[in-house]
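Asks: Quick one: the structure is below, questions incoming.
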Amino acid sequence: AMEMLSFVLLLAVSFLSAIMGTMIGMAMLVLLPVMIFLGIPVHTAVATGRFSMVGVNLGNITKFSKNEKLKPRYFMAFAIAGVIGSLIGASFLTSFNEKVLKAAIGIFMIIVSVLVLLEDFVKPRKLHEKITLKHHALSALSGIFIGSYIGVLGGGGATLVILLLVMIYGLSFHDAVANQKAVTLPVSIIATLVFVYQGIIDYRLGIPLFIVNVLGGWIGAHLILKFSGAWLKRIIVPISIVLGAGLIFL
């Protein structure tokens, strides 16, 4: 059983990462390494963290769904392919060796953190008036890849979806953030259901984390409508890179 102090620390980290995750993505990139450093086995940390992230999505959706521009033509191909990828990725999670998985999480954390910084330099191209089969094919390919990534490692998946929606369809960042939620929610739920079936979620941790994440996601959704997350990025990205390096070398 986890000591009380570690448990309280984990809840606080989860709550803050849910707020931050809503504003700039990256919630799992902070929560996951902290869980592992606190001694939670890697597979359990991935599965329990993913379960708790559904809470963030729920907290967001209650706030976002009222006033967002969700357009199925931008997220449908991505979401369907993402769900398939997620099923595949999550099913393979337990077959990865703990050490290999830990190092892989660390490496991807560093890569995604760098991509988050680069996000500011990706300028939306003109919105494509005519969406062709090529756009949807690219979208579906991306979905398979990102879905399986979220199923196995998970950190920063939302950031990658936003970047790809901007690049494939020429959406503005604001619209890409809204449509990204419609991709990551089903993908997260499917991965979580696979983990439920496999019995690798620690519910004694997962349920309290889920509850604080609903609250954090709701608060984050309020804040994102008032503030830009740019300053947050400059704080979180270096922390995430250091945590990633810690997973690789410690």
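Ordering of the structure tokens sets the chain letters (A, B, ...), residue numbers begin anew at 1 in every chain, and ligands are numbered from 1 in the order given.
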May I have the residues within 8 Å of Ile88 (chain A) as an NGL selection string, using only C-alpha atoms and disregarding those fewer than 3 positions away in the same chain?

Replies: :A and (84-85 or 91-92 or 148 or 151)

Asks: Under the rule of at most 12 Å, produce a per-residue listing of region 154-201 of chain A near region 226-239 of chain A: chain, number, name, the closest pair of atoms, and the distance in Å, as a tab-separated table, using only C-alpha atoms.

Replies:
residue	atom	partner	partner_atom	distance
A:Gly156	CA	A:Val237	CA	11.1
A:Thr159	CA	A:Lys233	CA	11.8
A:Phe173	CA	A:Ser228	CA	11.8
A:His174	CA	A:Ser228	CA	10.9

Asks: Can you list, as a CSV table (one decimal) with N, CA, C and O atoms, in the first residue's frame, every protein, DNA or RNA residue that comes within 9 Å of region 42-59 of chain A when you count only C-alpha atoms, leaving out same-chain residues fewer than 3 positions away?

Replies:
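Saved file out-v6.csv follows:
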chain,number,residue,atom,x,y,z
A,14,SER,N,-1.8,15.0,-9.8
A,14,SER,CA,-2.8,14.6,-10.8
A,14,SER,C,-3.7,15.8,-11.1
A,14,SER,O,-4.1,16.1,-12.2
A,18,ALA,N,-4.1,17.8,-14.5
A,18,ALA,CA,-5.4,17.8,-15.2
A,18,ALA,C,-5.7,19.2,-15.7
A,18,ALA,O,-6.2,19.4,-16.8
A,19,ILE,N,-5.4,20.2,-14.8
A,19,ILE,CA,-5.7,21.6,-15.2
A,19,ILE,C,-4.7,22.0,-16.4
A,19,ILE,O,-5.2,22.5,-17.4
A,21,GLY,N,-3.1,19.9,-18.4
A,21,GLY,CA,-3.4,19.1,-19.5
A,21,GLY,C,-4.5,19.7,-20.4
A,21,GLY,O,-4.4,19.6,-21.6
A,22,THR,N,-5.5,20.3,-19.7
A,22,THR,CA,-6.6,20.9,-20.5
A,22,THR,C,-6.0,22.1,-21.2
A,22,THR,O,-6.5,22.4,-22.4
A,27,ALA,N,-0.8,16.2,-19.8
A,27,ALA,CA,-1.1,15.7,-18.4
A,27,ALA,C,-0.4,14.4,-18.1
A,27,ALA,O,0.2,14.2,-17.1
A,28,MET,N,-0.5,13.4,-19.0
A,28,MET,CA,0.1,12.1,-18.8
A,28,MET,C,1.6,12.2,-18.7
A,28,MET,O,2.3,11.4,-18.1
A,31,LEU,N,2.1,13.1,-15.0
A,31,LEU,CA,1.5,12.1,-14.1
A,31,LEU,C,2.2,10.8,-14.1
A,31,LEU,O,2.6,10.2,-13.1
A,32,LEU,N,2.5,10.3,-15.3
A,32,LEU,CA,3.0,8.9,-15.5
A,32,LEU,C,4.4,8.8,-14.8
A,32,LEU,O,4.6,7.8,-14.0
A,33,PRO,N,5.4,9.6,-15.1
A,33,PRO,CA,6.7,9.5,-14.4
A,33,PRO,C,6.6,9.6,-12.9
A,33,PRO,O,7.3,8.9,-12.2
A,35,MET,N,4.1,8.7,-11.0
A,35,MET,CA,3.6,7.4,-10.5
A,35,MET,C,4.7,6.4,-10.5
A,35,MET,O,4.8,5.6,-9.5
A,36,ILE,N,5.5,6.4,-11.6
A,36,ILE,CA,6.6,5.3,-11.6
A,36,ILE,C,7.6,5.6,-10.5
A,36,ILE,O,8.1,4.7,-9.9
A,39,GLY,N,7.0,4.4,-7.2
A,39,GLY,CA,7.1,2.9,-7.0
A,39,GLY,C,5.9,2.1,-7.6
A,39,GLY,O,5.8,0.9,-7.3
A,62,THR,N,-17.9,18.8,-20.3
A,62,THR,CA,-19.1,19.5,-19.7
A,62,THR,C,-18.9,21.0,-20.0
A,62,THR,O,-19.9,21.7,-20.2
A,63,LYS,N,-17.7,21.5,-20.1
A,63,LYS,CA,-17.4,22.9,-20.3
A,63,LYS,C,-17.4,23.3,-21.8
A,63,LYS,O,-17.9,24.2,-22.2
A,64,PHE,N,-16.6,22.4,-22.5
A,64,PHE,CA,-16.4,22.8,-23.9
A,64,PHE,C,-17.6,22.6,-24.8
A,64,PHE,O,-17.8,23.3,-25.8
A,90,ALA,N,-3.2,-1.0,-26.8
A,90,ALA,CA,-3.5,-1.4,-25.4
A,90,ALA,C,-3.4,-2.9,-25.2
A,90,ALA,O,-3.0,-3.3,-24.1
A,93,LEU,N,0.2,-3.8,-24.4
A,93,LEU,CA,0.9,-3.2,-23.3
A,93,LEU,C,1.6,-4.2,-22.4
A,93,LEU,O,2.8,-4.1,-22.2
A,94,THR,N,0.9,-5.2,-22.0
A,94,THR,CA,1.5,-6.1,-21.0
A,94,THR,C,2.6,-7.0,-21.5
A,94,THR,O,3.3,-7.6,-20.8
A,96,PHE,N,5.1,-5.9,-23.2
A,96,PHE,CA,6.4,-5.2,-23.1
A,96,PHE,C,7.1,-5.4,-21.8
A,96,PHE,O,6.4,-5.3,-20.7
A,98,GLU,N,9.1,-4.4,-18.5
A,98,GLU,CA,9.0,-3.2,-17.7
A,98,GLU,C,10.1,-2.2,-18.0
A,98,GLU,O,9.9,-1.0,-18.2
A,99,LYS,N,11.3,-2.7,-18.1
A,99,LYS,CA,12.5,-1.8,-18.3
A,99,LYS,C,12.4,-1.1,-19.7
A,99,LYS,O,12.7,0.1,-19.8
A,101,LEU,N,9.7,-0.7,-21.5
A,101,LEU,CA,8.6,0.2,-21.4
A,101,LEU,C,8.9,1.6,-20.8
A,101,LEU,O,8.6,2.6,-21.3
A,102,LYS,N,9.6,1.5,-19.6
A,102,LYS,CA,10.0,2.7,-18.9
A,102,LYS,C,10.9,3.6,-19.7
A,102,LYS,O,10.7,4.8,-19.8
A,150,ILE,N,-1.2,6.0,-27.8
A,150,ILE,CA,-1.9,6.4,-26.6
A,150,ILE,C,-2.2,5.1,-25.8
A,150,ILE,O,-2.2,5.0,-24.6
A,151,GLY,N,-2.5,4.0,-26.6
A,151,GLY,CA,-2.8,2.7,-25.9
A,151,GLY,C,-1.6,2.2,-25.1
A,151,GLY,O,-1.8,1.6,-24.1
A,152,VAL,N,-0.4,2.4,-25.6
A,152,VAL,CA,0.8,1.8,-25.0
A,152,VAL,C,1.5,2.8,-24.0
A,152,VAL,O,1.8,2.5,-22.9
A,153,LEU,N,1.7,4.1,-24.5
A,153,LEU,CA,2.4,5.0,-23.6
A,153,LEU,C,1.6,6.2,-23.2
A,153,LEU,O,1.6,6.6,-22.0
A,154,GLY,N,0.9,6.8,-24.2
A,154,GLY,CA,-0.2,7.7,-23.8
A,154,GLY,C,0.3,9.2,-23.6
A,154,GLY,O,-0.5,10.1,-23.8
A,181,LYS,N,-10.5,16.9,-28.9
A,181,LYS,CA,-11.2,16.2,-27.8
A,181,LYS,C,-12.1,15.1,-28.3
A,181,LYS,O,-12.2,14.1,-27.6
A,184,THR,N,-9.5,12.2,-28.9
A,184,THR,CA,-8.8,11.5,-27.7
A,184,THR,C,-9.8,10.9,-26.7
A,184,THR,O,-9.4,9.9,-26.1
A,185,LEU,N,-11.0,11.4,-26.7
A,185,LEU,CA,-12.0,10.8,-25.7
A,185,LEU,C,-12.3,9.3,-26.1
A,185,LEU,O,-12.1,8.4,-25.2
A,188,SER,N,-9.2,7.2,-25.6
A,188,SER,CA,-8.9,7.0,-24.2
A,188,SER,C,-9.8,5.9,-23.6
A,188,SER,O,-9.4,5.1,-22.8
A,189,ILE,N,-11.1,6.0,-23.9
A,189,ILE,CA,-12.1,5.1,-23.3
A,189,ILE,C,-11.8,3.7,-23.8
A,189,ILE,O,-11.8,2.8,-23.0
A,191,ALA,N,-8.9,2.4,-24.8
A,191,ALA,CA,-7.7,1.9,-24.1
A,191,ALA,C,-8.0,1.5,-22.7
A,191,ALA,O,-7.6,0.4,-22.2
A,192,THR,N,-8.8,2.3,-22.0
A,192,THR,CA,-9.2,2.1,-20.6
A,192,THR,C,-10.0,0.8,-20.5
A,192,THR,O,-9.7,-0.1,-19.6
A,193,LEU,N,-10.9,0.5,-21.5
A,193,LEU,CA,-11.7,-0.7,-21.4
A,193,LEU,C,-10.9,-1.9,-21.6
A,193,LEU,O,-11.1,-3.0,-21.0
A,195,PHE,N,-7.8,-2.1,-20.6
A,195,PHE,CA,-7.0,-2.3,-19.3
A,195,PHE,C,-8.0,-2.9,-18.3
A,195,PHE,O,-7.5,-3.6,-17.4
A,196,VAL,N,-9.2,-2.5,-18.3
A,196,VAL,CA,-10.2,-3.0,-17.4
A,196,VAL,C,-10.3,-4.5,-17.6
A,196,VAL,O,-10.3,-5.3,-16.6
A,200,ILE,N,-5.5,-4.7,-15.1
A,200,ILE,CA,-4.2,-4.1,-14.7
A,200,ILE,C,-4.4,-2.7,-14.1
A,200,ILE,O,-3.4,-2.0,-13.9
A,201,ILE,N,-5.6,-2.2,-13.9
A,201,ILE,CA,-5.9,-0.9,-13.3
A,201,ILE,C,-5.9,-1.1,-11.8
A,201,ILE,O,-6.6,-2.0,-11.3
A,202,ASP,N,-5.2,-0.2,-11.0
A,202,ASP,CA,-5.3,-0.2,-9.6
A,202,ASP,C,-6.4,0.8,-9.2
A,202,ASP,O,-6.2,2.0,-9.2
A,203,TYR,N,-7.6,0.3,-8.9
A,203,TYR,CA,-8.8,1.2,-8.7
A,203,TYR,C,-8.6,2.0,-7.4
A,203,TYR,O,-9.2,3.0,-7.3
A,205,LEU,N,-6.1,3.5,-6.4
A,205,LEU,CA,-5.5,4.7,-6.8
A,205,LEU,C,-6.3,5.4,-7.9
A,205,LEU,O,-6.5,6.6,-7.9
A,206,GLY,N,-6.8,4.6,-8.9
A,206,GLY,CA,-7.5,5.1,-10.1
A,206,GLY,C,-8.7,5.9,-9.8
A,206,GLY,O,-8.9,7.0,-10.4
A,207,ILE,N,-9.5,5.5,-8.8
A,207,ILE,CA,-10.8,6.2,-8.6
A,207,ILE,C,-10.6,7.6,-8.0
A,207,ILE,O,-11.1,8.6,-8.5
A,208,PRO,N,-9.7,7.7,-6.9
A,208,PRO,CA,-9.5,9.0,-6.4
A,208,PRO,C,-8.8,9.9,-7.4
A,208,PRO,O,-9.2,11.1,-7.5
A,209,LEU,N,-7.9,9.4,-8.3
A,209,LEU,CA,-7.3,10.2,-9.3
A,209,LEU,C,-8.3,10.6,-10.3
A,209,LEU,O,-8.3,11.8,-10.8
A,210,PHE,N,-9.2,9.7,-10.7
A,210,PHE,CA,-10.3,10.0,-11.7
A,210,PHE,C,-11.1,11.2,-11.2
A,210,PHE,O,-11.4,12.2,-11.9
A,211,ILE,N,-11.5,11.2,-9.9
A,211,ILE,CA,-12.3,12.2,-9.3
A,211,ILE,C,-11.6,13.6,-9.3
A,211,ILE,O,-12.2,14.6,-9.7
A,212,VAL,N,-10.3,13.6,-8.8
A,212,VAL,CA,-9.6,14.9,-8.9
A,212,VAL,C,-9.4,15.4,-10.3
A,212,VAL,O,-9.4,16.6,-10.6
A,213,ASN,N,-9.3,14.5,-11.2
A,213,ASN,CA,-9.1,14.8,-12.6
A,213,ASN,C,-10.3,15.5,-13.3
A,213,ASN,O,-10.2,16.3,-14.1
A,214,VAL,N,-11.5,15.0,-12.9
A,214,VAL,CA,-12.8,15.6,-13.4
A,214,VAL,C,-12.8,17.1,-12.9
A,214,VAL,O,-13.0,18.0,-13.7
A,215,LEU,N,-12.4,17.3,-11.7
A,215,LEU,CA,-12.4,18.6,-11.1
A,215,LEU,C,-11.3,19.5,-11.8
A,215,LEU,O,-11.6,20.6,-12.3
A,216,GLY,N,-10.1,18.9,-12.0
A,216,GLY,CA,-9.0,19.6,-12.6
A,216,GLY,C,-9.4,20.0,-14.1
A,216,GLY,O,-9.0,21.0,-14.6
A,217,GLY,N,-10.0,19.0,-14.7
A,217,GLY,CA,-10.3,19.2,-16.2
A,217,GLY,C,-11.4,20.3,-16.3
A,217,GLY,O,-11.3,21.1,-17.2
A,218,TRP,N,-12.3,20.4,-15.3
A,218,TRP,CA,-13.3,21.4,-15.4
A,218,TRP,C,-12.8,22.8,-15.1
A,218,TRP,O,-13.0,23.7,-15.8
A,219,ILE,N,-11.8,22.9,-14.1
A,219,ILE,CA,-11.2,24.1,-13.8
A,219,ILE,C,-10.3,24.6,-15.0
A,219,ILE,O,-10.3,25.7,-15.4
A,220,GLY,N,-9.6,23.6,-15.6
A,220,GLY,CA,-8.7,23.9,-16.7
A,220,GLY,C,-9.5,24.5,-17.9
A,220,GLY,O,-9.1,25.4,-18.6
A,221,ALA,N,-10.7,23.9,-18.1
A,221,ALA,CA,-11.5,24.4,-19.2
A,221,ALA,C,-12.0,25.8,-19.0
A,221,ALA,O,-12.2,26.6,-19.9

Asks: Between A:Phe121, A:Tyr197, A:Phe108, A:Phe145, which residue has the minimum interatomic distance to Val83 (chain A), considering only C-alpha atoms?

Replies: A:Phe145

Asks: Which one of A:Leu118, A:Leu243, A:Leu127, A:Val34 sits closest to Ser172 (chain A) if you count only C-alpha atoms?

Replies: A:Leu127

Asks: Considering only C-alpha atoms, return as a PyMOL selection string whatever protein or nucleic-acid residues lie within 10 Å of Ile241 (chain A), sequence-local ones (same chain, fewer than 2 positions apart) excluded.

Replies: chain A and resi 29-30+106-114+236-239+243-247

Asks: Name the closest residue to Tyr74 (chain A) among the candidates A:Phe249, A:Tyr169, A:Phe37, A:Phe7; distances are taken between atoms, counting only C-alpha atoms.

Replies: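 Closest to Tyr74 (chain A) of all the choices is A:Tyr169.
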